[in-house]
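The data block below is entry.cif; it holds mmCIF, C-alpha atoms.
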data_structure
#
loop_
_atom_site.label_atom_id
_atom_site.label_comp_id
_atom_site.auth_asym_id
_atom_site.auth_seq_id
_atom_site.Cartn_x
_atom_site.Cartn_y
_atom_site.Cartn_z
CA MET O 1 116.25 140.03 86.07
CA LYS O 2 116.81 137.94 82.94
CA ASN O 3 118.19 135.02 84.92
CA LYS O 4 114.73 134.51 86.44
CA TYR O 5 113.08 133.93 83.05
CA PRO O 6 113.83 130.19 82.76
CA GLU O 7 112.43 129.52 86.23
CA ILE O 8 109.28 131.60 85.53
CA ILE O 9 108.70 129.87 82.20
CA LYS O 10 109.16 126.45 83.79
CA LEU O 11 106.57 127.26 86.46
CA ILE O 12 104.11 128.46 83.83
CA LYS O 13 104.60 125.31 81.73
CA ASN O 14 103.81 123.26 84.85
CA ASN O 15 100.64 125.34 85.41
CA LYS O 16 102.05 126.80 88.61
CA PHE O 17 100.67 130.22 87.78
CA LYS O 18 100.49 131.67 91.28
CA GLU O 19 104.08 130.67 92.03
CA SER O 20 105.30 132.20 88.77
CA LEU O 21 103.36 135.39 89.50
CA THR O 22 104.99 135.68 92.94
CA LEU O 23 108.41 135.31 91.34
CA ILE O 24 107.67 138.09 88.83
CA ASN O 25 106.32 140.45 91.50
CA ASN O 26 109.51 139.99 93.51
CA ILE O 27 111.57 141.36 90.62
CA GLY O 28 112.25 145.07 91.02
CA ASN O 29 110.92 147.39 88.28
CA HIS O 30 109.36 144.42 86.48
CA GLN O 31 106.52 146.72 85.29
CA SER O 32 108.95 148.34 82.86
CA ASP O 33 109.99 145.02 81.33
CA PHE O 34 107.83 144.16 78.31
CA ASP O 35 108.34 140.40 78.51
CA LEU O 36 107.60 140.18 82.23
CA VAL O 37 104.45 142.27 81.97
CA CYS O 38 103.27 140.10 79.07
CA LEU O 39 103.84 137.03 81.21
CA LYS O 40 101.74 138.61 83.96
CA GLY O 41 98.93 139.19 81.49
CA PHE O 42 99.15 135.57 80.35
CA ILE O 43 99.17 134.27 83.93
CA TYR O 44 96.16 136.35 84.93
CA LEU O 45 94.30 135.16 81.82
CA ASN O 46 94.89 131.54 82.87
CA LEU O 47 93.87 132.33 86.45
CA LYS O 48 90.65 133.81 85.05
CA GLU O 49 91.54 137.18 86.56
CA PHE O 50 90.46 138.93 83.41
CA LYS O 51 90.50 142.53 84.64
CA LYS O 52 94.06 142.15 85.90
CA SER O 53 95.03 140.47 82.63
CA PHE O 54 93.57 143.41 80.68
CA GLU O 55 95.51 145.87 82.85
CA ALA O 56 98.78 143.98 82.45
CA TYR O 57 98.48 143.81 78.67
CA SER O 58 97.57 147.51 78.59
CA ILE O 59 100.88 148.28 80.33
CA ALA O 60 102.70 146.04 77.84
CA ILE O 61 101.06 147.85 74.90
CA LYS O 62 102.27 151.18 76.25
CA ILE O 63 105.78 149.76 76.11
CA ASN O 64 105.32 148.22 72.65
CA ASN O 65 102.24 149.16 70.66
CA ASN O 66 103.13 146.90 67.73
CA SER O 67 102.71 143.51 69.41
CA PHE O 68 100.19 141.17 67.78
CA MET O 69 100.24 138.94 70.84
CA CYS O 70 99.40 141.77 73.25
CA PHE O 71 96.46 143.14 71.29
CA ASN O 72 95.14 139.64 70.63
CA ALA O 73 95.43 138.60 74.28
CA ARG O 74 93.96 141.87 75.58
CA GLY O 75 91.06 141.28 73.19
CA SER O 76 90.55 137.88 74.81
CA ALA O 77 90.50 139.47 78.26
CA SER O 78 87.92 142.05 77.09
CA PHE O 79 85.82 139.26 75.60
CA GLU O 80 85.74 137.42 78.93
CA LEU O 81 84.75 140.68 80.65
CA GLY O 82 81.84 141.02 78.24
CA ASN O 83 83.34 144.14 76.66
CA PHE O 84 82.78 142.86 73.14
CA ASN O 85 83.22 146.18 71.33
CA ASP O 86 86.58 146.76 73.05
CA ALA O 87 87.59 143.20 72.17
CA ILE O 88 86.72 143.79 68.51
CA LYS O 89 88.95 146.90 68.44
CA ASP O 90 91.91 144.98 69.85
CA PHE O 91 91.41 141.95 67.61
CA LYS O 92 91.20 144.20 64.54
CA LYS O 93 94.35 146.04 65.64
CA ALA O 94 96.07 142.67 66.00
CA LEU O 95 95.10 141.80 62.43
CA THR O 96 96.80 144.96 61.13
CA ILE O 97 100.00 143.51 62.56
CA ASN O 98 99.42 139.88 61.52
CA ASN O 99 96.44 139.06 59.30
CA LYS O 100 97.15 135.33 59.06
CA PHE O 101 95.91 134.21 62.47
CA LEU O 102 92.66 132.28 61.97
CA GLU O 103 91.53 132.37 65.61
CA THR O 104 91.54 136.19 65.65
CA TYR O 105 89.01 136.37 62.81
CA GLU O 106 86.95 133.72 64.60
CA ASN O 107 87.07 135.69 67.86
CA ILE O 108 85.81 138.82 66.10
CA GLY O 109 82.96 136.70 64.74
CA LYS O 110 82.10 135.54 68.26
CA CYS O 111 82.09 139.13 69.51
CA TYR O 112 79.71 140.27 66.79
CA SER O 113 77.53 137.23 67.41
CA ASN O 114 77.25 138.11 71.09
CA LEU O 115 76.33 141.66 70.14
CA GLY O 116 73.53 140.34 67.95
CA GLU O 117 75.26 141.52 64.75
CA ASN O 118 74.95 138.23 62.90
CA LEU O 119 75.85 139.47 59.42
CA SER O 120 79.13 140.91 60.70
CA ALA O 121 79.74 137.68 62.61
CA LEU O 122 79.30 135.66 59.42
CA LYS O 123 81.68 137.98 57.56
CA TYR O 124 84.53 137.28 59.98
CA TYR O 125 83.80 133.57 60.30
CA LYS O 126 84.06 133.39 56.50
CA LEU O 127 87.35 135.34 56.57
CA ALA O 128 88.67 132.81 59.10
CA LEU O 129 87.57 129.96 56.84
CA ASP O 130 89.45 131.52 53.92
CA LEU O 131 92.65 130.74 55.81
CA ASN O 132 91.66 127.08 56.21
CA PRO O 133 88.80 126.08 53.90
CA ASN O 134 88.64 122.55 55.33
CA ASP O 135 88.19 123.58 58.96
CA ASN O 136 85.18 121.51 60.09
CA LYS O 137 84.73 123.52 63.27
CA LEU O 138 84.39 126.80 61.37
CA ILE O 139 81.98 125.27 58.86
CA GLU O 140 79.91 124.08 61.82
CA ILE O 141 79.90 127.55 63.39
CA ILE O 142 78.89 129.17 60.11
CA THR O 143 76.03 126.75 59.45
CA GLU O 144 74.70 127.26 62.97
CA LYS O 145 74.78 131.03 62.49
CA LEU O 146 72.94 130.65 59.17
CA ASN O 147 70.02 129.17 61.14
CA GLN O 148 69.79 132.50 63.01
CA THR O 149 70.33 134.94 60.14
CA ASN O 150 68.49 136.38 57.17
CA ILE O 151 71.07 135.53 54.52
CA SER O 152 69.51 137.42 51.61
CA ASN O 153 72.25 140.06 51.98
CA VAL O 154 75.12 137.63 52.51
CA ASP O 155 77.66 136.93 49.77
CA GLN O 156 77.23 133.40 48.48
CA ASN O 157 79.76 130.66 49.01
CA LYS O 158 79.66 126.86 48.99
CA ILE O 159 78.33 126.65 52.54
CA ILE O 160 75.49 129.09 51.96
CA GLU O 161 74.61 127.51 48.61
CA THR O 162 74.42 124.10 50.30
CA ASP O 163 72.28 125.49 53.10
CA LEU O 164 69.87 127.11 50.64
CA ALA O 165 69.62 123.95 48.54
CA ILE O 166 68.72 121.91 51.64
CA LYS O 167 66.17 124.48 52.78
CA ASN O 168 64.52 124.28 49.36
CA SER O 169 63.86 120.58 50.03
CA LYS O 170 60.74 121.37 52.00
CA TYR O 171 58.71 118.92 54.03
CA ASN O 172 54.98 119.60 54.23
CA PHE O 173 53.94 119.08 57.84
CA PHE O 174 50.30 118.92 58.85
CA LEU O 175 48.96 118.83 62.38
CA LYS O 176 47.13 115.64 63.35
CA LYS O 177 48.57 113.72 60.41
CA LYS O 178 51.01 110.86 60.82
CA ILE O 179 54.57 111.54 59.70
CA GLU O 180 55.51 108.61 57.48
CA ASP O 181 58.91 106.93 57.77
CA ASN O 182 59.54 107.14 54.02
CA ASP O 183 58.95 110.90 53.98
CA ILE O 184 61.60 111.39 56.69
CA ILE O 185 64.03 109.00 55.01
CA ASN O 186 63.66 110.69 51.63
CA LEU O 187 64.05 114.14 53.18
CA PHE O 188 67.32 113.17 54.89
CA ASN O 189 68.73 111.24 51.94
CA GLU O 190 68.11 114.14 49.55
CA ALA O 191 69.76 116.64 51.90
CA ASN O 192 72.63 114.26 52.63
CA ASN O 193 73.33 113.87 48.91
CA ILE O 194 73.48 117.66 48.54
CA ILE O 195 76.12 117.83 51.28
CA ASN O 196 78.13 114.94 49.82
CA LYS O 197 78.28 116.67 46.42
CA ASN O 198 79.89 119.74 47.96
CA PHE O 199 81.91 118.45 50.94
CA HIS O 200 84.13 115.47 51.72
CA ASN O 201 85.17 114.10 55.11
CA LEU O 202 82.88 116.56 56.87
CA PHE O 203 81.59 115.98 60.39
CA PHE O 204 80.27 118.20 63.17
CA THR O 205 80.60 117.81 66.94
CA GLN O 206 77.10 118.85 67.98
CA THR O 207 74.44 116.29 68.93
CA GLN O 208 71.62 118.70 69.84
CA ILE O 209 69.32 120.63 67.50
CA PHE O 210 67.78 123.80 68.95
CA ARG O 211 64.87 125.93 67.91
CA ARG O 212 65.69 129.04 69.91
CA ASN O 213 63.85 132.19 70.87
CA ASP O 214 65.41 135.39 72.21
CA LEU O 215 65.37 134.15 75.81
CA ASN O 216 68.92 133.33 76.89
CA LEU O 217 68.73 130.41 79.33
CA ASN O 218 72.37 131.19 80.21
CA CYS O 219 73.10 127.55 81.05
CA ASP O 220 76.90 128.01 80.98
CA ARG O 221 76.56 130.62 83.73
CA HIS O 222 74.26 128.44 85.82
CA PHE O 223 76.49 125.38 85.55
CA SER O 224 79.48 127.51 86.53
CA VAL O 225 77.62 128.54 89.68
CA PHE O 226 76.69 124.92 90.41
CA LYS O 227 80.13 123.46 89.75
CA THR O 228 81.87 126.12 91.84
CA TYR O 229 79.58 126.23 94.86
CA GLU O 230 77.23 123.22 94.47
CA ILE O 231 74.15 125.41 94.64
CA ILE O 232 71.22 125.72 92.24
CA PRO O 233 70.87 129.21 90.72
CA GLU O 234 67.61 131.02 91.34
CA PHE O 235 66.74 131.13 87.63
CA CYS O 236 66.74 127.33 87.43
CA PHE O 237 63.94 126.93 89.96
CA SER O 238 61.56 128.36 87.37
CA CYS O 239 63.06 126.48 84.41
CA ILE O 240 60.47 123.79 83.69
CA LYS O 241 60.93 121.24 80.92
CA VAL O 242 58.30 119.40 78.96
CA THR O 243 60.17 116.19 78.13
CA ILE O 244 59.50 113.58 75.45
CA ASN O 245 61.43 110.30 75.53
CA LEU O 246 61.61 108.29 72.30
CA GLU O 247 62.63 104.77 71.40
CA ASN O 248 64.47 105.17 68.10
CA VAL O 249 66.24 107.66 65.89
CA ILE O 250 63.54 107.95 63.24
CA ASP O 251 61.05 109.06 65.88
CA LEU O 252 63.59 111.61 67.13
CA ILE O 253 63.82 113.07 63.62
CA LYS O 254 60.03 113.18 63.45
CA LEU O 255 59.95 115.07 66.75
CA PHE O 256 62.47 117.55 65.35
CA ILE O 257 60.14 118.11 62.37
CA ILE O 258 57.33 118.83 64.83
CA PHE O 259 59.51 121.20 66.86
CA ASP O 260 60.48 123.06 63.69
CA ASN O 261 56.83 123.59 62.75
CA ILE O 262 54.94 123.81 66.03
CA LEU O 263 53.39 127.11 67.09
CA LEU O 264 53.61 127.70 70.84
CA PRO O 265 52.19 130.71 72.73
CA ASN O 266 55.62 131.98 73.75
CA ASN O 267 57.67 130.46 70.92
CA ASN O 268 59.27 128.31 73.62
CA LEU O 269 62.84 127.11 73.13
CA ARG O 270 62.86 123.52 71.85
CA LYS O 271 65.65 120.97 71.70
CA CYS O 272 66.05 117.47 70.24
CA MET O 273 69.09 115.45 71.22
CA ILE O 274 70.80 112.15 71.81
CA ASP O 275 71.70 111.60 75.47
CA LEU O 276 75.26 110.27 75.69
CA ARG O 277 75.20 109.51 79.41
CA SER O 278 75.54 105.86 80.39
CA ASN O 279 72.82 106.04 83.07
CA SER O 280 70.15 107.66 80.90
CA LYS O 281 66.77 105.94 80.74
CA SER O 282 66.31 107.05 77.15
CA ASN O 283 68.95 108.07 74.62
CA TYR O 284 66.56 109.97 72.34
CA LYS O 285 64.96 113.04 73.87
CA GLY O 286 63.12 116.24 73.16
CA PHE O 287 62.63 119.20 75.49
CA ILE O 288 60.47 122.30 75.47
CA TYR O 289 61.53 124.92 78.02
CA CYS O 290 58.88 126.80 80.00
CA ARG O 291 59.03 129.46 82.70
CA SER O 292 56.27 128.09 84.98
CA ILE O 293 54.43 124.88 85.77
CA GLU O 294 51.22 126.41 84.46
CA GLU O 295 52.83 127.18 81.12
CA ALA O 296 54.37 123.70 80.98
CA LYS O 297 50.98 122.04 81.50
CA ILE O 298 49.48 123.99 78.59
CA VAL O 299 52.44 123.11 76.35
CA LYS O 300 52.29 119.44 77.38
CA ASN O 301 48.63 119.17 76.44
CA ASN O 302 49.30 120.71 73.03
CA VAL O 303 52.35 118.55 72.36
CA ASP O 304 50.73 115.32 73.56
CA GLU O 305 47.93 115.73 71.06
CA ILE O 306 50.35 116.36 68.18
CA ILE O 307 52.86 113.59 68.89
CA LYS O 308 50.11 110.99 69.35
CA PHE O 309 48.82 111.75 65.85
CA SER O 310 52.16 112.42 64.16
CA ILE O 311 54.48 109.82 65.73
CA SER O 312 52.79 107.27 68.00
CA LYS O 313 49.66 107.07 70.12
CA ASN O 314 51.81 105.54 72.87
CA LEU O 315 53.90 108.68 73.33
CA SER O 316 53.26 111.20 76.08
CA ALA O 317 55.30 114.09 77.43
CA ASN O 318 56.13 114.61 81.08
CA ILE O 319 56.98 117.68 83.11
CA LYS O 320 60.05 118.08 85.25
CA ARG O 321 62.54 120.65 86.41
CA GLY O 322 66.05 120.57 85.00
CA CYS O 323 68.87 119.89 85.02
CA SER O 324 69.42 116.27 86.08
CA GLU O 325 72.84 117.13 87.57
CA PHE O 326 71.05 119.34 90.09
CA ASN O 327 68.73 116.50 91.08
CA LYS O 328 71.67 114.26 92.00
CA LYS O 329 72.87 116.81 94.52
CA TYR O 330 69.37 117.76 95.69
CA PRO O 331 67.14 114.66 95.28
CA GLY O 332 63.58 115.61 94.44
CA TYR O 333 64.52 118.88 92.75
CA GLU O 334 63.39 117.66 89.31
CA ASN O 335 59.83 117.18 90.59
CA ALA O 336 58.33 120.47 89.50
CA GLU O 337 55.37 120.15 91.87
CA GLN O 338 57.40 119.68 95.06
CA THR O 339 57.93 122.45 97.59
CA HIS O 340 60.49 121.04 100.04
CA ILE O 341 63.50 122.09 97.93
CA LYS O 342 63.55 125.86 97.64
CA TYR O 343 66.02 128.51 96.66
CA ASN O 344 68.15 129.57 99.61
CA PRO O 345 68.45 133.40 99.64
CA ASP O 346 72.02 133.02 100.97
CA TRP O 347 72.96 131.45 97.64
CA LYS O 348 72.53 134.83 95.98
CA ASN O 349 75.94 135.88 97.32
CA TYR O 350 77.62 132.99 95.49
CA GLU O 351 75.82 133.84 92.26
CA GLN O 352 77.02 137.43 92.52
CA ILE O 353 80.62 136.23 92.92
CA VAL O 354 80.37 134.25 89.67
CA ASP O 355 78.72 137.19 87.89
CA SER O 356 81.45 139.57 88.98
CA LYS O 357 84.17 137.15 87.88
CA PHE O 358 82.52 136.21 84.57
CA PRO O 359 80.42 139.21 83.48
CA LYS O 360 80.24 137.96 79.89
CA PHE O 361 77.61 135.39 80.88
CA ASN O 362 74.99 138.07 81.35
CA LEU O 363 75.99 140.12 78.30
CA MET O 364 76.13 137.58 75.50
CA LYS O 365 73.99 135.62 73.05
CA LYS O 366 71.53 138.18 71.75
CA LYS O 367 69.31 137.61 68.70
CA GLN O 368 69.67 133.84 68.63
CA ASN O 369 66.11 133.28 67.38
CA THR O 370 66.19 130.31 65.01
CA ASN O 371 64.69 130.57 61.54
CA LYS O 372 62.07 128.01 60.57
CA GLY O 373 63.20 125.38 58.09
CA ILE O 374 65.61 122.43 57.96
CA GLY O 375 69.15 123.54 57.15
CA PHE O 376 72.70 122.35 56.63
CA ASN O 377 73.47 122.39 60.37
CA ASP O 378 70.38 120.32 61.21
CA ILE O 379 71.22 117.59 58.70
CA MET O 380 74.81 117.34 59.95
CA ILE O 381 73.55 116.83 63.50
CA ILE O 382 71.05 114.22 62.30
CA ARG O 383 74.06 112.45 60.77
CA ASN O 384 75.47 112.21 64.29
CA TRP O 385 72.15 110.83 65.53
CA LEU O 386 72.25 108.16 62.84
CA PHE O 387 75.87 107.33 63.59
CA PHE O 388 74.89 106.92 67.25
CA ALA O 389 71.91 104.74 66.24
CA ASN O 390 74.19 102.48 64.23
CA LEU O 391 76.64 101.95 67.11
CA THR O 392 73.85 101.36 69.63
CA LYS O 393 72.10 98.78 67.41
CA ASP O 394 69.04 100.89 66.65
CA GLN O 395 67.75 99.08 63.59
CA THR O 396 65.86 102.09 62.21
CA TYR O 397 69.30 103.38 61.18
CA GLU O 398 69.35 100.83 58.35
CA LYS O 399 66.54 102.68 56.53
CA PHE O 400 68.76 105.70 55.82
CA ASP O 401 71.54 106.58 53.41
CA HIS O 402 74.81 105.71 55.15
CA LYS O 403 77.07 107.86 53.00
CA PHE O 404 78.68 110.15 55.55
CA THR O 405 81.97 110.48 57.40
CA ILE O 406 82.57 108.44 60.53
CA ASN O 407 82.65 110.70 63.58
CA ASN O 408 85.52 109.29 65.62
CA ASN O 409 84.98 111.80 68.43
CA LEU O 410 81.41 110.63 68.92
CA LYS O 411 82.49 107.01 68.55
CA LYS O 412 84.97 107.46 71.40
CA ILE O 413 82.31 108.98 73.70
CA ILE O 414 79.94 106.11 72.96
CA GLN O 415 82.67 103.54 73.70
CA VAL O 416 83.83 105.26 76.91
CA ASN O 417 80.26 105.45 78.21
CA LYS O 418 79.66 101.83 77.13
CA LEU O 419 76.60 102.70 75.09
CA SER O 420 77.38 100.45 72.12
#
Translate this file's structure into structure tokens.
Amino acid sequence: MKNKYPEIIKLIKNNKFKESLTLINNIGNHQSDFDLVCLKGFIYLNLKEFKKSFEAYSIAIKINNNSFMCFNARGSASFELGNFNDAIKDFKKALTINNKFLETYENIGKCYSNLGENLSALKYYKLALDLNPNDNKLIEIITEKLNQTNISNVDQNKIIETDLAIKNSKYNFFLKKKIEDNDIINLFNEANNIINKNFHNLFFTQTQIFRRNDLNLNCDRHFSVFKTYEIIPEFCFSCIKVTINLENVIDLIKLFIIFDNILLPNNNLRKCMIDLRSNSKSNYKGFIYCRSIEEAKIVKNNVDEIIKFSISKNLSANIKRGCSEFNKKYPGYENAEQTHIKYNPDWKNYEQIVDSKFPKFNLMKKKQNTNKGIGFNDIMIIRNWLFFANLTKDQTYEKFDHKFTINNNLKKIIQVNKLS
């Protein structure tokens, strides 16, 4: 039995998971061997056979109930199955065995976040950060969660103090009044100075700022369906976007200010972003997501009136169906008024396959409603917008404070896509 280990490990290292699984299954009484059963759990996890992975690790735990790796990995399988409470139990058990593994605290935070228990999520994200106080990714996760949480009952730390200080730098927005460049510049520079006083060499990866409601668009699930079977999920046929294209970064920041303050009938999800695709007609964009063409038309009329007063009289929103990747496969799909591209009822079977394989998609991301007000996370993303503006020769960048860390990850994307 033991003489098969090197061959199995070699196959796994070469990502030949099915071949390694066959080799294990051909070993007699392998279910009683702790190491082999653990390898099966690992293989199934990589094959995205999460139920089988959970079962394999459960057998391993019966053999040895003091294995950090088994409880941690079984927690990961439960997470993927959408069994977040079970995952929390396993991750916490793993921490009783080894409390120095940062990712386990982070995973507990993700579980609580997906259960809508944001205060508990923040607690475990902060415990993870205690193990590595300079982890930019964790700081980014925490600041994003602060935008969705009432933090009056949260223990203060440097991140929360910075977030509160930025949120106290209020901008007074008035409908039908032009947003002046200097007001935006001063708002950013003040917030940027607050960050620089408390953090060094800090950068975030995100390039999109959301103002969310409790509707989960479930885009990861829909793209999984599309990438696997090249079909458009039924939900997406009624996902209508009011789209605003802008010419420079300062106007994008102004649109974000509008999105943070605007009152819409259904508190529609809003997003401001830089588009990093090489074939994009505009690199600065804003979207408001609607559930029907009729709703989108009402929102467009409201937004058009505001942006013409607040940003430029030359701006106007347009209505289309998203996402653009779908339109490449099914030309004409993005035209929200068209009728020749319709949902094929046979596609439902493919959607059900994805849902059965990845049940977490339909069980996660509750209570993601974004609080009003500009926060730490927003300013860090605006930094990325400004960095992008600099590399793409957008001269409005020069009006802002340039004291922030170079984002080499974003720089690489811009260079690869030949946007600079």
So the first atom is CA of Phe210 (chain O) and the second is CA of Lys297 (chain O); what is the distance between them in Å, to one decimal place?
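Going from CA of Phe210 (chain O) over to CA of Lys297 (chain O) covers 21.0 Å.
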In the coordinates of the file, take the point (63.9, 126.0, 88.5) and a cut-off of 12 Å; then, counting only C-alpha atoms, name each qualifying protein, DNA or RNA residue as an mmCIF file with C-alpha atoms, in the coordinates of the input.
data_model
loop_
_atom_site.group_PDB
_atom_site.id
_atom_site.type_symbol
_atom_site.label_atom_id
_atom_site.label_comp_id
_atom_site.auth_asym_id
_atom_site.auth_seq_id
_atom_site.Cartn_x
_atom_site.Cartn_y
_atom_site.Cartn_z
ATOM 1 C CA LEU O 217 68.730 130.410 79.330
ATOM 2 C CA CYS O 219 73.100 127.550 81.050
ATOM 3 C CA HIS O 222 74.260 128.440 85.820
ATOM 4 C CA ILE O 231 74.150 125.410 94.640
ATOM 5 C CA ILE O 232 71.220 125.720 92.240
ATOM 6 C CA PRO O 233 70.870 129.210 90.720
ATOM 7 C CA GLU O 234 67.610 131.020 91.340
ATOM 8 C CA PHE O 235 66.740 131.130 87.630
ATOM 9 C CA CYS O 236 66.740 127.330 87.430
ATOM 10 C CA PHE O 237 63.940 126.930 89.960
ATOM 11 C CA SER O 238 61.560 128.360 87.370
ATOM 12 C CA CYS O 239 63.060 126.480 84.410
ATOM 13 C CA ILE O 240 60.470 123.790 83.690
ATOM 14 C CA LYS O 241 60.930 121.240 80.920
ATOM 15 C CA TYR O 289 61.530 124.920 78.020
ATOM 16 C CA CYS O 290 58.880 126.800 80.000
ATOM 17 C CA ARG O 291 59.030 129.460 82.700
ATOM 18 C CA SER O 292 56.270 128.090 84.980
ATOM 19 C CA ILE O 293 54.430 124.880 85.770
ATOM 20 C CA LYS O 320 60.050 118.080 85.250
ATOM 21 C CA ARG O 321 62.540 120.650 86.410
ATOM 22 C CA GLY O 322 66.050 120.570 85.000
ATOM 23 C CA CYS O 323 68.870 119.890 85.020
ATOM 24 C CA SER O 324 69.420 116.270 86.080
ATOM 25 C CA PHE O 326 71.050 119.340 90.090
ATOM 26 C CA ASN O 327 68.730 116.500 91.080
ATOM 27 C CA GLY O 332 63.580 115.610 94.440
ATOM 28 C CA TYR O 333 64.520 118.880 92.750
ATOM 29 C CA GLU O 334 63.390 117.660 89.310
ATOM 30 C CA ASN O 335 59.830 117.180 90.590
ATOM 31 C CA ALA O 336 58.330 120.470 89.500
ATOM 32 C CA GLU O 337 55.370 120.150 91.870
ATOM 33 C CA GLN O 338 57.400 119.680 95.060
ATOM 34 C CA THR O 339 57.930 122.450 97.590
ATOM 35 C CA ILE O 341 63.500 122.090 97.930
ATOM 36 C CA LYS O 342 63.550 125.860 97.640
ATOM 37 C CA TYR O 343 66.020 128.510 96.660
#
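Restricting the calculation to all atoms listed in the file, the smallest distance between Leu122 (chain O) and any of O:Leu146, O:Ile379, O:Leu102, O:Leu363 is found for O:Leu146.
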If the PyMOL selection byres ((chain O and resi 259-263) around 10) is run on the structure shown, which residues does it catch, given as number ranges by chain?
O: 172-175, 209-211, 253-258, 264-272, 286-288, 302-303, 306, 370-374
The centre and edge lengths of an axis-aligned box containing all atoms of region 320-336 of chain O present in the file, extended by 6 Å on each side, are to be given in Å to one decimal, as AutoDock Vina command-line options.
--center_x 65.6 --center_y 117.5 --center_z 90.3 --size_x 26.5 --size_y 18.4 --size_z 22.7
Return as number ranges by chain the set of residues that the PyMOL selection byres ((chain O and resi 382) around 9) yields on the displayed structure.
O: 188, 207-209, 249, 253, 377-381, 383-387
Test item: which residues lie within 10 Å of (77.0, 133.6, 69.1) counting only C-alpha atoms, as a CSV table (one decimal) with C-alpha atoms, keeping the file's coordinate frame:
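out33.csv, written as the output of this step:
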chain,number,residue,atom,x,y,z
O,109,GLY,CA,83.0,136.7,64.7
O,110,LYS,CA,82.1,135.5,68.3
O,111,CYS,CA,82.1,139.1,69.5
O,112,TYR,CA,79.7,140.3,66.8
O,113,SER,CA,77.5,137.2,67.4
O,114,ASN,CA,77.2,138.1,71.1
O,115,LEU,CA,76.3,141.7,70.1
O,116,GLY,CA,73.5,140.3,68.0
O,117,GLU,CA,75.3,141.5,64.8
O,118,ASN,CA,75.0,138.2,62.9
O,121,ALA,CA,79.7,137.7,62.6
O,141,ILE,CA,79.9,127.6,63.4
O,144,GLU,CA,74.7,127.3,63.0
O,145,LYS,CA,74.8,131.0,62.5
O,148,GLN,CA,69.8,132.5,63.0
O,364,MET,CA,76.1,137.6,75.5
O,365,LYS,CA,74.0,135.6,73.0
O,366,LYS,CA,71.5,138.2,71.8
O,367,LYS,CA,69.3,137.6,68.7
O,368,GLN,CA,69.7,133.8,68.6
For this structure, which residues satisfy the selection - the PyMOL selection byres ((chain O and resi 155-167) around 7) - when it is evaluated on the file as given? I want them as a VMD selection string.
chain O and resid 153 to 154 168 to 170 191 194 to 195 373 to 376
Regenerate region 226-238 of chain O at the level of N, CA and C atoms and dump it as a short mmCIF file (atom, residue, chain, number, x, y, z; two decimals), in the frame of the given file.
data_model
loop_
_atom_site.label_atom_id
_atom_site.label_comp_id
_atom_site.auth_asym_id
_atom_site.auth_seq_id
_atom_site.Cartn_x
_atom_site.Cartn_y
_atom_site.Cartn_z
N PHE O 226 76.90 126.22 89.77
CA PHE O 226 76.69 124.92 90.41
C PHE O 226 78.01 124.18 90.65
N LYS O 227 78.87 124.18 89.62
CA LYS O 227 80.13 123.46 89.75
C LYS O 227 81.06 124.09 90.78
N THR O 228 80.98 125.41 90.91
CA THR O 228 81.87 126.12 91.84
C THR O 228 81.40 126.00 93.28
N TYR O 229 80.09 126.14 93.48
CA TYR O 229 79.58 126.23 94.86
C TYR O 229 78.54 125.16 95.22
N GLU O 230 78.22 124.29 94.26
CA GLU O 230 77.23 123.22 94.47
C GLU O 230 75.89 123.76 94.96
N ILE O 231 75.46 124.84 94.35
CA ILE O 231 74.15 125.41 94.64
C ILE O 231 73.38 125.55 93.33
N ILE O 232 72.06 125.57 93.42
CA ILE O 232 71.22 125.72 92.24
C ILE O 232 70.87 127.19 92.07
N PRO O 233 71.19 127.79 90.94
CA PRO O 233 70.87 129.21 90.72
C PRO O 233 69.37 129.46 90.78
N GLU O 234 69.02 130.66 91.16
CA GLU O 234 67.61 131.02 91.34
C GLU O 234 66.83 130.85 90.04
N PHE O 235 67.41 131.23 88.92
CA PHE O 235 66.74 131.13 87.63
C PHE O 235 66.24 129.72 87.37
N CYS O 236 67.03 128.73 87.78
CA CYS O 236 66.74 127.33 87.43
C CYS O 236 65.52 126.78 88.16
N PHE O 237 65.13 127.41 89.25
CA PHE O 237 63.94 126.93 89.96
C PHE O 237 62.67 127.19 89.16
N SER O 238 62.73 128.10 88.21
CA SER O 238 61.56 128.36 87.37
C SER O 238 61.80 127.92 85.92
#
